[in-house]
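Asks: I am sharing work-v5.txt, which consists of compact mmCIF, C-alpha atoms and all ligand atoms:
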# COMPACT_ATOMS: atom_id res chain seq x y z
CA GLN A 836 127.43 -50.03 150.84
CA THR A 837 129.19 -47.09 152.49
CA GLY A 838 131.47 -44.14 151.72
CA SER A 839 134.18 -42.41 153.72
CA ALA A 840 135.93 -39.22 152.64
CA PRO A 841 138.51 -37.15 154.53
CA ASN A 842 138.06 -33.41 154.96
CA HIS A 843 140.57 -30.74 155.94
CA PRO A 844 140.40 -27.08 157.01
CA SER A 845 140.83 -24.65 154.10
CA ASP A 846 143.20 -22.34 156.01
CA SER A 847 144.83 -21.62 159.36
CA GLU A 848 141.51 -20.31 160.77
CA ASP A 849 139.33 -23.34 159.93
CA ASP A 850 137.22 -20.96 157.82
CA GLU A 851 135.77 -23.86 155.81
CA TYR A 852 136.33 -27.58 155.30
CA ILE A 853 137.27 -29.12 151.94
CA THR A 854 136.71 -32.63 150.55
CA ASN A 855 137.82 -33.96 147.16
CA VAL A 856 134.97 -35.17 144.94
CA SER A 857 135.23 -37.14 141.65
CA ILE A 858 132.88 -36.04 138.86
CA GLY A 859 132.48 -37.62 135.41
CA THR A 860 134.23 -40.25 133.29
CA PRO A 861 137.20 -40.21 133.41
CA ALA A 862 137.09 -38.71 136.93
CA GLN A 863 137.58 -34.97 137.29
CA VAL A 864 138.55 -34.32 140.94
CA LEU A 865 137.38 -31.03 142.51
CA PRO A 866 137.91 -29.71 146.06
CA LEU A 867 134.40 -28.92 147.33
CA ASP A 868 132.88 -27.47 150.51
CA PHE A 869 130.30 -29.87 152.02
CA ASP A 870 127.44 -27.72 153.24
CA THR A 871 124.62 -29.13 155.40
CA GLY A 872 123.05 -25.64 155.23
CA SER A 873 122.10 -25.77 151.53
CA SER A 874 120.87 -28.29 148.95
CA ASP A 875 122.64 -27.55 145.65
CA LEU A 876 125.73 -29.35 144.33
CA TRP A 877 127.36 -26.71 142.15
CA VAL A 878 130.83 -26.36 140.65
CA PHE A 879 133.12 -23.97 138.87
CA SER A 880 133.14 -25.22 135.29
CA SER A 881 134.18 -24.66 131.68
CA GLU A 882 131.13 -22.39 131.57
CA THR A 883 132.41 -20.09 134.35
CA PRO A 884 134.01 -16.95 132.94
CA SER A 885 137.73 -17.68 132.88
CA SER A 886 138.48 -14.44 134.76
CA SER A 887 136.28 -15.74 137.59
CA ALA A 888 137.56 -19.33 137.42
CA ARG A 889 141.24 -18.39 137.68
CA GLY A 890 142.86 -20.38 140.51
CA HIS A 891 139.91 -22.81 140.75
CA THR A 892 139.76 -26.41 139.47
CA ILE A 893 136.91 -26.67 136.95
CA TYR A 894 134.50 -29.38 135.77
CA THR A 895 134.33 -29.71 131.97
CA PRO A 896 131.16 -31.66 131.09
CA SER A 897 132.22 -32.05 127.43
CA LYS A 898 135.21 -34.10 128.61
CA SER A 899 133.00 -36.56 130.49
CA SER A 900 131.47 -39.47 128.54
CA THR A 901 128.73 -39.80 131.19
CA SER A 902 127.62 -36.14 131.32
CA LYS A 903 124.18 -35.15 130.05
CA LYS A 904 122.80 -31.61 129.84
CA VAL A 905 119.45 -31.12 131.62
CA SER A 906 117.73 -29.07 128.93
CA GLY A 907 115.92 -25.96 130.10
CA ALA A 908 117.14 -26.27 133.70
CA SER A 909 118.77 -23.44 135.66
CA TRP A 910 119.70 -22.63 139.25
CA SER A 911 120.43 -19.56 141.33
CA ILE A 912 121.33 -19.28 145.01
CA THR A 913 122.16 -16.53 147.50
CA TYR A 914 123.76 -17.52 150.81
CA GLY A 915 123.52 -16.00 154.26
CA ASP A 916 126.81 -14.15 153.78
CA ASN A 917 125.36 -12.56 150.60
CA SER A 918 127.58 -14.56 148.28
CA SER A 919 125.77 -15.99 145.26
CA SER A 920 126.09 -18.15 142.17
CA SER A 921 123.92 -19.36 139.28
CA GLY A 922 124.02 -21.36 136.06
CA ASP A 923 122.75 -24.39 134.19
CA VAL A 924 122.55 -28.10 134.99
CA TYR A 925 124.11 -31.41 133.90
CA THR A 926 123.81 -34.90 135.28
CA ASP A 927 126.90 -37.03 135.74
CA THR A 928 128.45 -39.69 137.95
CA VAL A 929 129.62 -38.22 141.27
CA SER A 930 131.79 -40.29 143.61
CA ILE A 931 132.49 -39.34 147.23
CA GLY A 932 134.65 -41.48 149.50
CA GLY A 933 134.40 -44.45 147.14
CA PHE A 934 130.61 -44.35 146.77
CA SER A 935 129.26 -43.47 143.31
CA VAL A 936 125.94 -41.92 142.40
CA THR A 937 125.01 -41.99 138.70
CA GLY A 938 122.73 -39.33 137.24
CA GLN A 939 123.58 -36.78 139.96
CA ALA A 940 122.59 -33.20 139.17
CA VAL A 941 125.83 -31.24 138.81
CA GLU A 942 124.99 -27.55 138.70
CA SER A 943 127.47 -25.69 136.50
CA ALA A 944 128.21 -22.04 137.42
CA THR A 945 127.92 -19.48 134.65
CA LYS A 946 128.05 -16.71 137.30
CA VAL A 947 129.76 -16.53 140.72
CA SER A 948 129.99 -13.58 143.13
CA SER A 949 133.31 -12.02 144.07
CA GLN A 950 133.57 -13.92 147.36
CA PHE A 951 133.62 -17.20 145.43
CA VAL A 952 136.14 -15.84 142.88
CA GLN A 953 138.48 -14.86 145.73
CA ASP A 954 138.04 -18.06 147.75
CA THR A 955 140.25 -20.38 145.68
CA SER A 956 140.16 -23.08 148.38
CA ASN A 957 136.90 -24.40 146.98
CA SER A 958 135.66 -25.13 143.48
CA GLY A 959 132.04 -25.35 144.56
CA LEU A 960 129.72 -26.80 147.15
CA VAL A 961 128.06 -30.13 147.92
CA GLY A 962 124.70 -29.28 149.45
CA LEU A 963 123.69 -31.81 152.11
CA ALA A 964 120.55 -30.16 153.51
CA LEU A 965 117.07 -31.48 152.58
CA ASP A 966 115.98 -31.84 148.95
CA SER A 967 113.25 -29.20 149.42
CA GLY A 968 115.95 -26.51 149.54
CA ASN A 969 117.27 -27.22 146.04
CA THR A 970 117.05 -24.19 143.71
CA VAL A 971 116.94 -25.90 140.27
CA LYS A 972 114.00 -24.82 138.10
CA PRO A 973 111.67 -25.97 136.59
CA THR A 974 112.37 -29.35 138.27
CA LYS A 975 114.05 -29.52 141.72
CA GLN A 976 116.99 -31.90 141.88
CA LYS A 977 118.01 -34.26 144.69
CA THR A 978 121.16 -33.91 146.79
CA TRP A 979 123.96 -36.42 146.44
CA PHE A 980 123.11 -37.89 149.85
CA SER A 981 119.41 -38.18 148.98
CA ASN A 982 120.29 -40.07 145.79
CA ALA A 983 122.82 -42.22 147.67
CA SER A 984 120.65 -42.93 150.72
CA SER A 985 118.54 -45.72 149.18
CA HIS A 986 121.71 -47.60 148.23
CA LEU A 987 123.64 -46.97 151.45
CA ALA A 988 123.71 -49.57 154.24
CA SER A 989 121.85 -47.00 156.36
CA PRO A 990 120.38 -43.59 155.36
CA VAL A 991 122.79 -41.62 157.55
CA PHE A 992 125.95 -39.56 157.26
CA THR A 993 128.28 -38.15 159.89
CA ALA A 994 130.41 -35.02 160.08
CA ASP A 995 133.70 -35.09 161.97
CA LEU A 996 135.40 -31.68 161.70
CA ASN A 997 138.60 -30.88 163.59
CA HIS A 998 140.64 -27.80 164.48
CA GLN A 999 143.63 -27.61 162.14
CA ALA A 1000 143.48 -31.34 161.41
CA ASP A 1001 141.87 -33.81 159.02
CA GLY A 1002 138.38 -35.11 159.72
CA SER A 1003 135.85 -37.18 157.81
CA TYR A 1004 132.45 -37.35 156.20
CA ASN A 1005 131.14 -40.92 156.48
CA PHE A 1006 128.12 -42.12 154.54
CA GLY A 1007 125.96 -45.14 155.42
CA PHE A 1008 127.57 -45.91 158.76
CA ILE A 1009 128.41 -44.37 162.12
CA ASP A 1010 131.97 -44.79 163.43
CA THR A 1011 131.27 -44.32 167.13
CA SER A 1012 135.03 -44.57 167.86
CA LEU A 1013 135.26 -40.98 166.59
CA ALA A 1014 133.33 -39.85 169.70
CA SER A 1015 134.18 -39.93 173.39
CA GLY A 1016 130.58 -39.89 174.58
CA PRO A 1017 127.23 -41.44 173.63
CA ILE A 1018 125.16 -40.14 170.70
CA THR A 1019 122.02 -38.25 171.78
CA TYR A 1020 119.37 -37.90 169.09
CA VAL A 1021 116.85 -35.10 168.70
CA PRO A 1022 114.08 -34.81 166.09
CA ILE A 1023 114.51 -32.33 163.23
CA SER A 1024 111.82 -30.04 161.86
CA THR A 1025 111.93 -30.28 158.07
CA GLY A 1026 109.74 -27.27 157.13
CA ASN A 1027 112.62 -24.96 156.22
CA GLY A 1028 114.68 -27.64 154.44
CA PHE A 1029 117.47 -27.58 157.05
CA TRP A 1030 118.75 -30.01 159.70
CA GLU A 1031 116.84 -27.90 162.22
CA PHE A 1032 116.45 -28.75 165.92
CA THR A 1033 115.69 -27.12 169.25
CA SER A 1034 118.11 -26.83 172.15
CA SER A 1035 116.46 -26.09 175.50
CA SER A 1036 119.31 -24.60 177.56
CA TYR A 1037 122.92 -23.48 177.69
CA ALA A 1038 125.71 -23.02 180.21
CA ILE A 1039 128.82 -20.87 180.30
CA GLY A 1040 131.98 -22.39 181.73
CA GLY A 1041 131.15 -24.38 184.83
CA GLY A 1042 128.09 -22.19 185.49
CA SER A 1043 124.52 -23.27 186.03
CA SER A 1044 122.32 -24.29 183.13
CA LYS A 1045 120.12 -21.45 181.83
CA LYS A 1046 116.78 -22.26 180.22
CA HIS A 1047 116.69 -20.72 176.71
CA SER A 1048 115.01 -22.31 173.73
CA THR A 1049 117.24 -22.12 170.65
CA ASP A 1050 115.86 -23.04 167.22
CA GLY A 1051 119.00 -23.78 165.22
CA ILE A 1052 120.48 -25.66 162.29
CA ALA A 1053 123.47 -28.00 162.17
CA ASP A 1054 125.45 -26.29 159.42
CA THR A 1055 128.88 -27.44 158.22
CA GLY A 1056 128.91 -24.55 155.71
CA THR A 1057 128.95 -21.83 158.36
CA THR A 1058 132.24 -21.12 160.08
CA LEU A 1059 131.05 -19.89 163.46
CA LEU A 1060 128.50 -20.65 166.17
CA LEU A 1061 125.79 -17.99 165.75
CA LEU A 1062 123.28 -17.68 168.60
CA ASP A 1063 120.79 -15.19 170.08
CA ASP A 1064 122.19 -11.92 171.42
CA THR A 1065 121.16 -12.71 175.01
CA ILE A 1066 123.33 -15.83 175.01
CA VAL A 1067 126.24 -14.15 173.22
CA ASP A 1068 126.18 -11.09 175.51
CA ALA A 1069 126.04 -13.34 178.59
CA TYR A 1070 129.06 -15.29 177.32
CA TYR A 1071 131.32 -12.31 176.64
CA ASN A 1072 130.24 -10.82 179.97
CA GLN A 1073 132.46 -13.56 181.38
CA VAL A 1074 135.44 -12.47 179.24
CA GLN A 1075 137.16 -9.60 181.00
CA SER A 1076 138.73 -7.92 177.93
CA ALA A 1077 135.83 -8.59 175.53
CA GLN A 1078 134.20 -5.78 173.59
CA TYR A 1079 131.89 -5.52 170.60
CA ASP A 1080 134.05 -4.29 167.70
CA ASP A 1081 131.91 -2.49 165.09
CA SER A 1082 134.61 -2.69 162.43
CA GLN A 1083 134.99 -6.44 162.88
CA GLU A 1084 131.20 -6.81 163.32
CA GLY A 1085 131.64 -9.05 166.33
CA TYR A 1086 133.08 -9.53 169.79
CA THR A 1087 136.85 -9.39 170.13
CA PHE A 1088 139.08 -9.89 173.17
CA ASP A 1089 142.71 -10.12 174.22
CA CYS A 1090 144.21 -13.24 172.63
CA SER A 1091 145.85 -14.23 175.91
CA GLU A 1092 142.50 -14.55 177.72
CA ASP A 1093 141.51 -17.98 178.96
CA LEU A 1094 137.99 -18.29 177.48
CA PRO A 1095 135.22 -20.18 179.28
CA SER A 1096 133.66 -23.19 177.54
CA PHE A 1097 130.13 -23.02 176.12
CA SER A 1098 127.64 -25.88 176.53
CA PHE A 1099 124.31 -26.40 174.79
CA ALA A 1100 121.59 -28.95 175.49
CA VAL A 1101 120.86 -31.74 173.02
CA GLY A 1102 117.83 -33.54 174.42
CA SER A 1103 118.76 -34.57 177.97
CA SER A 1104 122.52 -34.37 177.22
CA THR A 1105 124.83 -31.43 176.61
CA ILE A 1106 127.62 -30.72 174.16
CA THR A 1107 130.49 -28.62 175.49
CA VAL A 1108 132.51 -26.40 173.14
CA PRO A 1109 135.91 -25.81 174.79
CA GLY A 1110 137.00 -22.19 175.18
CA SER A 1111 139.98 -22.92 172.93
CA LEU A 1112 137.61 -23.37 169.97
CA ILE A 1113 135.89 -20.07 170.78
CA ASN A 1114 139.23 -18.25 170.55
CA PHE A 1115 138.67 -18.27 166.79
CA ALA A 1116 141.34 -16.14 165.10
CA PRO A 1117 143.64 -13.16 165.60
CA VAL A 1118 142.38 -9.97 163.95
CA ASP A 1119 145.34 -7.66 164.65
CA GLY A 1120 148.11 -7.37 167.19
CA ASN A 1121 147.00 -9.14 170.31
CA THR A 1122 143.26 -8.94 169.58
CA CYS A 1123 141.32 -12.08 168.74
CA PHE A 1124 137.86 -12.65 167.21
CA GLY A 1125 135.30 -14.90 168.92
CA GLY A 1126 133.96 -18.12 167.42
CA LEU A 1127 130.62 -17.47 169.17
CA GLN A 1128 128.80 -14.49 167.64
CA SER A 1129 125.27 -13.16 167.25
CA ASP A 1130 122.77 -14.67 164.81
CA ASP A 1131 121.76 -11.02 164.16
CA GLY A 1132 118.13 -11.88 164.84
CA ILE A 1133 117.82 -13.65 161.48
CA GLY A 1134 115.21 -15.81 163.18
CA ILE A 1135 117.28 -18.96 163.32
CA SER A 1136 120.53 -19.86 165.09
CA ILE A 1137 123.41 -21.63 163.37
CA PHE A 1138 125.45 -24.40 164.98
CA GLY A 1139 128.33 -23.99 162.52
CA ASP A 1140 131.83 -25.44 162.43
CA VAL A 1141 132.89 -24.03 165.83
CA ALA A 1142 130.15 -26.15 167.46
CA ILE A 1143 130.50 -29.15 165.13
CA LYS A 1144 134.26 -29.36 165.85
CA ALA A 1145 133.39 -30.29 169.45
CA ALA A 1146 131.22 -33.23 168.38
CA LEU A 1147 130.52 -36.12 166.06
CA VAL A 1148 127.27 -35.10 164.32
CA VAL A 1149 124.93 -37.72 162.84
CA PHE A 1150 122.57 -36.62 160.06
CA ASP A 1151 119.90 -39.34 160.10
CA LEU A 1152 117.56 -38.89 157.13
CA GLY A 1153 115.83 -42.24 157.68
CA ASN A 1154 114.59 -41.25 161.13
CA LYS A 1155 114.49 -37.45 160.46
CA ARG A 1156 116.74 -36.82 163.45
CA LEU A 1157 120.10 -35.32 164.35
CA GLY A 1158 122.61 -37.00 166.65
CA TRP A 1159 125.30 -35.24 168.66
CA ALA A 1160 128.13 -36.97 170.56
CA GLN A 1161 130.91 -35.21 172.49
CA LYS A 1162 134.35 -35.73 170.94
C1 LIG B 1 123.62 -16.29 158.29
C2 LIG B 1 125.12 -16.27 158.21
C3 LIG B 1 125.64 -17.45 157.41
C4 LIG B 1 127.01 -17.12 156.84
C5 LIG B 1 127.65 -18.36 156.21
N1 LIG B 1 128.99 -18.04 155.71
C6 LIG B 1 130.06 -18.24 156.48
O1 LIG B 1 130.01 -18.69 157.59
C7 LIG B 1 131.39 -17.92 155.79
C8 LIG B 1 131.87 -19.18 155.10
C9 LIG B 1 133.10 -18.90 154.28
C10 LIG B 1 134.32 -19.37 154.71
C11 LIG B 1 135.48 -19.14 153.96
C12 LIG B 1 135.39 -18.43 152.77
C13 LIG B 1 134.14 -17.95 152.34
C14 LIG B 1 133.00 -18.18 153.10
N2 LIG B 1 132.36 -17.46 156.79
C15 LIG B 1 132.20 -16.21 157.32
O2 LIG B 1 131.24 -15.49 157.01
N3 LIG B 1 133.18 -15.78 158.18
C16 LIG B 1 133.10 -14.43 158.74
C17 LIG B 1 133.41 -14.48 160.21
O3 LIG B 1 134.67 -15.12 160.41
C18 LIG B 1 134.63 -16.47 159.97
C19 LIG B 1 134.38 -16.55 158.48
C20 LIG B 1 126.85 -18.88 155.00
O4 LIG B 1 126.39 -18.12 154.18
N4 LIG B 1 126.84 -20.23 154.92
C21 LIG B 1 126.21 -20.91 153.79
C22 LIG B 1 127.27 -21.71 153.01
C23 LIG B 1 128.54 -20.90 152.66
C24 LIG B 1 128.25 -19.86 151.57
C25 LIG B 1 129.53 -19.13 151.14
C26 LIG B 1 130.59 -20.11 150.69
C27 LIG B 1 130.90 -21.13 151.77
C28 LIG B 1 129.62 -21.86 152.20
C29 LIG B 1 125.10 -21.89 154.31
O5 LIG B 1 124.63 -22.70 153.23
O6 LIG B 1 125.68 -22.69 155.35
C30 LIG B 1 123.81 -21.17 154.85
F1 LIG B 1 123.09 -22.07 155.53
F2 LIG B 1 124.17 -20.17 155.65
C31 LIG B 1 122.98 -20.66 153.70
O7 LIG B 1 123.17 -19.54 153.29
N5 LIG B 1 122.04 -21.50 153.24
C32 LIG B 1 121.19 -21.12 152.15
Spell out the structure here as structure tokens.

Replies:
Amino acid sequence: QTGSAPNHPSDSEDDEYITNVSIGTPAQVLPLDFDTGSSDLWVFSSETPSSSARGHTIYTPSKSSTSKKVSGASWSITYGDNSSSSGDVYTDTVSIGGFSVTGQAVESATKVSSQFVQDTSNSGLVGLALDSGNTVKPTKQKTWFSNASSHLASPVFTADLNHQADGSYNFGFIDTSLASGPITYVPISTGNGFWEFTSSSYAIGGGSSKKHSTDGIADTGTTLLLLDDTIVDAYYNQVQSAQYDDSQEGYTFDCSEDLPSFSFAVGSSTITVPGSLINFAPVDGNTCFGGLQSDDGIGISIFGDVAIKAALVVFDLGNKRLGWAQK
């Protein structure tokens, strides 16, 4: 068996990517943000204060004949951007791209931070990182993909994200026609619960390859490509009008600049992010904000949507490896 669901950018900046998910019986369809950087499936619900839920589609467990409350269970999560949410837990049938998982933990939000209230493009998240990252207490719950994987033709899923266009999340199969180049696989380290890998070098534009070991995660839930300061400074050194803008908390440049590409090693291959994807969004007038920014020394780098848009990414749980193919 397999599943295939389309995704689309939430706004004109590709800030996040949204996929419709069916929950319960009869199906309640919610627009959710698939996030390979976390491991909780949580939704705005009938238990979310109505002032917070305004503008969001909600899940109402009492209207689903297949919902069951997980007694005594709770969850609470804080994300890298300091947004947060928490609540209690149900199980229900969750279908994505035509593939159904019964008994999926659906975490219902009784509290959401202001960023979630304001971001009406999503009604929750589908965590697709490793099960170890799940926050439910006293008993950790499995991700939708983990539950699905034993029934899928193959324990893999792929992310195909595009700039201002539809893409797909495919489960149980790899559609290599989505890529222009071969898939190169690298092993993941599972200790932190992420799809974490090491990239050994990078290059800017057509320049020479520079050795630099990057420990990073493939993260569909992060908008930008966040790397070490040395790499980021070296990149914007090549952008004549670039400057670090304290108010924007990142590098900005003249929107009319022709940005160099950025390449990173994946095993013995490289993935090249075109400069056009690094010209992320206008901030004001003729000033634009970069899609490559610092990881602020948080100890791990994040290959977010700006990097994933340049590739077909294969999340291979069976072989504990990550595949990257140029698009
Ligand atoms: C270390 C820096 C990471 C920042 C990252 N957030 C982001 O990348 C958010 C995502 C967003 C888009 C639109 C509206 C609201 C939020 N975007 C963002 O900070 N920016 C600011 C810069 O311009 C681009 C948009 C993050 O926390 N990602 C979470 C998942 C997001 C949480 C907020 C809602 C959207 C999903 C993550 O799971 O990927 C994580 F791995 F970072 C994490 O925190 N795991 C526990």

Asks: So, with only C-alpha atoms as the atoms that count, which of A:Ser967, A:Thr955, A:Thr1107, A:Ser920 lies closest to A:Ile1143?

Replies: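 Looking at the shortest contact to A:Ile1143, the residue is A:Thr1107.
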
Asks: Which value, in Å to one decimal, gives the distance between atom CA of A:Phe1008 and atom CA of A:Gly932?

Replies: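 Atom-to-atom, atom CA of A:Phe1008 and atom CA of A:Gly932 are spaced 12.5 Å apart.
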
Asks: What are the closest atom pairs, with distances in Å to one decimal, for each residue of chain A lying within 6 Å of ligand LIG 1 (chain B), using only C-alpha atoms and all ligand atoms, rows by chain and rising residue number, as a Markdown table?

Replies:
| residue | atom | partner | partner_atom | distance |
| --- | --- | --- | --- | --- |
| A:Asp850 | CA | B:LIG1 | C10 | 4.5 |
| A:Glu851 | CA | B:LIG1 | C10 | 4.8 |
| A:Asp870 | CA | B:LIG1 | O6 | 5.7 |
| A:Gly872 | CA | B:LIG1 | F1 | 3.6 |
| A:Ser873 | CA | B:LIG1 | O5 | 4.3 |
| A:Tyr914 | CA | B:LIG1 | O7 | 3.3 |
| A:Gly915 | CA | B:LIG1 | O4 | 3.6 |
| A:Asp916 | CA | B:LIG1 | O4 | 4.0 |
| A:Ser918 | CA | B:LIG1 | C25 | 5.7 |
| A:Asp954 | CA | B:LIG1 | C12 | 5.7 |
| A:Asp1054 | CA | B:LIG1 | O6 | 5.4 |
| A:Gly1056 | CA | B:LIG1 | O6 | 3.7 |
| A:Thr1057 | CA | B:LIG1 | O1 | 3.4 |
| A:Thr1058 | CA | B:LIG1 | O1 | 4.1 |

Asks: Just want the 7 Å neighbourhood of A:Ala1116, counted on only C-alpha atoms, with same-chain residues fewer than 6 positions away dropped. Output as a ChimeraX atom specification.

Replies: /A:848,1123-1124

Asks: Write the residues of the selection above to a file with C-alpha atoms, as an mmCIF file, keeping the file's coordinate frame.

Replies:
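Okay, again36.cif is ready:
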data_model
loop_
_atom_site.group_PDB
_atom_site.id
_atom_site.type_symbol
_atom_site.label_atom_id
_atom_site.label_comp_id
_atom_site.auth_asym_id
_atom_site.auth_seq_id
_atom_site.Cartn_x
_atom_site.Cartn_y
_atom_site.Cartn_z
ATOM 1 C CA GLU A 848 141.510 -20.310 160.770
ATOM 2 C CA CYS A 1123 141.320 -12.080 168.740
ATOM 3 C CA PHE A 1124 137.860 -12.650 167.210
#

Asks: Considering all atoms listed in the file, state which residue in the set A:Val971, A:Ser981, A:Gly922, A:Val856 is at the smallest distance from A:Leu1152.

Replies: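 Between A:Val971, A:Ser981, A:Gly922, A:Val856, the residue approaching A:Leu1152 most closely is A:Ser981.
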
Asks: Output requested as a compact mmCIF listing (two decimals), keeping the file's coordinate frame - stretch 841-856 of chain A, filled out with N, CA, C and O atoms.

Replies:
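Written output follows (rebuild_0.txt):
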# COMPACT_ATOMS: atom_id res chain seq x y z
N PRO A 841 137.87 -38.08 153.60
CA PRO A 841 138.51 -37.15 154.53
C PRO A 841 138.17 -35.71 154.17
O PRO A 841 137.86 -35.40 153.03
N ASN A 842 138.18 -34.85 155.20
CA ASN A 842 138.06 -33.41 154.96
C ASN A 842 139.22 -32.73 155.67
O ASN A 842 139.85 -33.33 156.56
N HIS A 843 139.51 -31.49 155.27
CA HIS A 843 140.57 -30.74 155.94
C HIS A 843 140.20 -29.26 155.95
O HIS A 843 139.48 -28.79 155.06
N PRO A 844 140.68 -28.52 156.98
CA PRO A 844 140.40 -27.08 157.01
C PRO A 844 141.03 -26.39 155.80
O PRO A 844 142.09 -26.80 155.32
N SER A 845 140.34 -25.35 155.31
CA SER A 845 140.83 -24.65 154.10
C SER A 845 142.02 -23.75 154.40
O SER A 845 142.79 -23.39 153.50
N ASP A 846 142.15 -23.32 155.65
CA ASP A 846 143.20 -22.34 156.01
C ASP A 846 143.51 -22.45 157.50
O ASP A 846 142.98 -23.30 158.20
N SER A 847 144.35 -21.53 157.96
CA SER A 847 144.83 -21.62 159.36
C SER A 847 143.76 -21.22 160.37
O SER A 847 143.96 -21.33 161.58
N GLU A 848 142.61 -20.72 159.87
CA GLU A 848 141.51 -20.31 160.77
C GLU A 848 140.36 -21.31 160.77
O GLU A 848 139.33 -21.04 161.39
N ASP A 849 140.48 -22.42 160.04
CA ASP A 849 139.33 -23.34 159.93
C ASP A 849 138.11 -22.61 159.35
O ASP A 849 136.98 -22.82 159.77
N ASP A 850 138.34 -21.73 158.36
CA ASP A 850 137.22 -20.96 157.82
C ASP A 850 136.19 -21.84 157.13
O ASP A 850 134.99 -21.58 157.17
N GLU A 851 136.67 -22.88 156.43
CA GLU A 851 135.77 -23.86 155.81
C GLU A 851 136.50 -25.19 155.71
O GLU A 851 137.71 -25.25 155.96
N TYR A 852 135.78 -26.23 155.37
CA TYR A 852 136.33 -27.58 155.30
C TYR A 852 136.14 -28.14 153.89
O TYR A 852 135.06 -28.02 153.31
N ILE A 853 137.19 -28.71 153.35
CA ILE A 853 137.27 -29.12 151.94
C ILE A 853 137.39 -30.63 151.83
O ILE A 853 138.12 -31.27 152.61
N THR A 854 136.65 -31.19 150.86
CA THR A 854 136.71 -32.63 150.55
C THR A 854 136.83 -32.80 149.05
O THR A 854 136.16 -32.10 148.29
N ASN A 855 137.68 -33.70 148.60
CA ASN A 855 137.82 -33.96 147.16
C ASN A 855 136.67 -34.84 146.66
O ASN A 855 136.33 -35.84 147.31
N VAL A 856 136.10 -34.46 145.52
CA VAL A 856 134.97 -35.17 144.94
C VAL A 856 135.29 -35.50 143.47
O VAL A 856 135.82 -34.65 142.75
